[in-house]
Amino acid sequence: MSDITKATTFMLLSTFSLSISGLVAKYLSETMPTSLLSFVRFLLPSLFLFLFLIFYKISKPTRKMWKPLVMRAIFMVACQWCFLTSLQTLTLIEGIVLFSTGPLFIPLLEKLIFGTKVHTTTVVCLAITFVGVVMMAGDWSQFEFGSDFFRPALLLGLLAGMFNSGSQVSLYRASKTSLTPAELNAWTFLVAAILVLPMVLFTSISVMPDVLEADGALTVLLSIDGLGWIGLGAFGLALFTINTQIFRSKAYKLAESGSQLAPLIFTNMLFSALWQGLFFDDVFSTQQILGINLIVVASITNTLLAKRQYKVKTKQLPITTVNALNSEALGSVVKS
């Protein structure tokens with residue numbers, strides 16, 4: 001199995017886990033403050049990962065490694081705050097559609113920041129995928145430059161996509177360090193939780209008087225059934241968040257460029273569309289179904305072309321170089 005095939009498999013597992021976490025986040029966003037939910041989403045995965053790493057060697061990031069880790073943490077905090085806030089008023093599929101615009105910014109960011117070459121096939125696949133995203137929105141008026149386009153929820157969703165692209169670019173660079181995927185995400189989530197903590201404290205202090213006065217709401221919140229579902233949701237959110245990031249880190253370790261896997265990130269929206277139909281009884285229009293098909297075609301095409309480029313590249317290299325590359329890739333997989 002080639003590296004690009006393995007990377008594709010890991011990315012699909014990542015987007016599947018991400019779609020489940022989006023469904024859980026939709027439920028929790030209606031019962032918890034955004035700042036507290038963001039803190040829980042970062043802190044619990046970090047604690048679980050460090051607990052797992054106790055039985056293995058925990059590597060501390062070097063001074064050079066801290067820069068991409070902190071950059072990614074900042075982008076993650078901004079992305080999650082915008083995404084979770086938008087979910088309070090948008091439907092699940094609407095929030096995922098806007099969140100999924102993130103990969104459209106990745107090739108541009110890699111070009112501007114790192115000078116990475118953007119392949120023509122990637123640009124074409126991203127353009128096709130963008131058309132699919134717009135069609136999946138279900139309402140063309142939301143993407144016109146009118147009053148509907150500038151609704152706060154839609155703007156927050158688009159900002160979540162933009163910050164998500166920054167997170168992915170930083171993740172790709174951070175994944176090339178000596179840290180394993182578990183160590184990388186454990187430290188990143190810990191930094192993100194620390195960044196969100198002041199927001200949680202400020203929100204708690206500002207809303208505490210209102211909460212104390214609302215005896216009815218406080219009674220419902222402290223009920224056993226309510227806390228049980230919230231706790232179960234938070235636990236599930238942490239587990240699926242870990243799966244998302246671990247599989248994605250493995251995928252980026254095997255990819256030549258972050259933009260190479262960018263169209264596959266849109267499969268998150270396909271899985272989310274399935275959950276939307278199952279749990280919210282939505283009926284998709286012909287326009288939305290066509291948008292789904294465009295995204296699938298673009299993702300498969302980009303993957304097949306990338307695999308073909310990999311085969312051509314390895315054939316042009318000496319046998320010793322190919323064996324060295326395969327050994328290095330295998331060693332990185334075993335190490336992670």
# chains A, B, ... in the order shown; residues from 1 in each chain; ligands from 1
>>> select_by_dssp(residues="stretch 41-159 of chain A", states="alpha helix (DSSP H)", output="PyMOL selection string")
chain A and resi 41-53+63-87+92-99+106-109+120-136+152-159
>>> residues_around(residues="stretch 190-193 of chain A", least_positions_apart="4", cutoff="12 Å", atoms="only C-alpha atoms", output="number ranges by chain")
A: 35-50, 66-81, 167, 183-186, 197-200
>>> closest_residue(among="A:Val97, A:Leu278, A:Ile265, A:Met65", to="A:Ser178", atoms="only C-alpha atoms")
A:Met65
>>> closest_residue(among="A:Leu171, A:Leu227, A:Leu108, A:Leu274", to="A:Phe247", atoms="only C-alpha atoms")
A:Leu171
>>> closest_residue(among="A:Phe52, A:Tyr172, A:Phe240, A:Tyr252", to="A:Leu23", atoms="only C-alpha atoms")
A:Phe240
>>> residues_around(residues="stretch 120-133 of chain A", least_positions_apart="4", cutoff="6 Å", atoms="only C-alpha atoms", output="VMD selection string")
chain A and resid 291 294 to 295 298
>>> write_last_selection(atoms="C-alpha atoms", output="PDB file, in the first residue's frame")
ATOM      1  CA  GLY A 291     -23.356  19.064  -4.572  1.00  0.00           C
ATOM      2  CA  LEU A 294     -19.392  16.879  -6.952  1.00  0.00           C
ATOM      3  CA  ILE A 295     -17.518  16.666  -3.658  1.00  0.00           C
ATOM      4  CA  ALA A 298     -13.397  15.835  -6.652  1.00  0.00           C
TER       5      ALA A 298
END
>>> closest_residue(among="A:Glu256, A:Leu87, A:Val169, A:Gly277", to="A:Leu112", atoms="only C-alpha atoms")
A:Val169
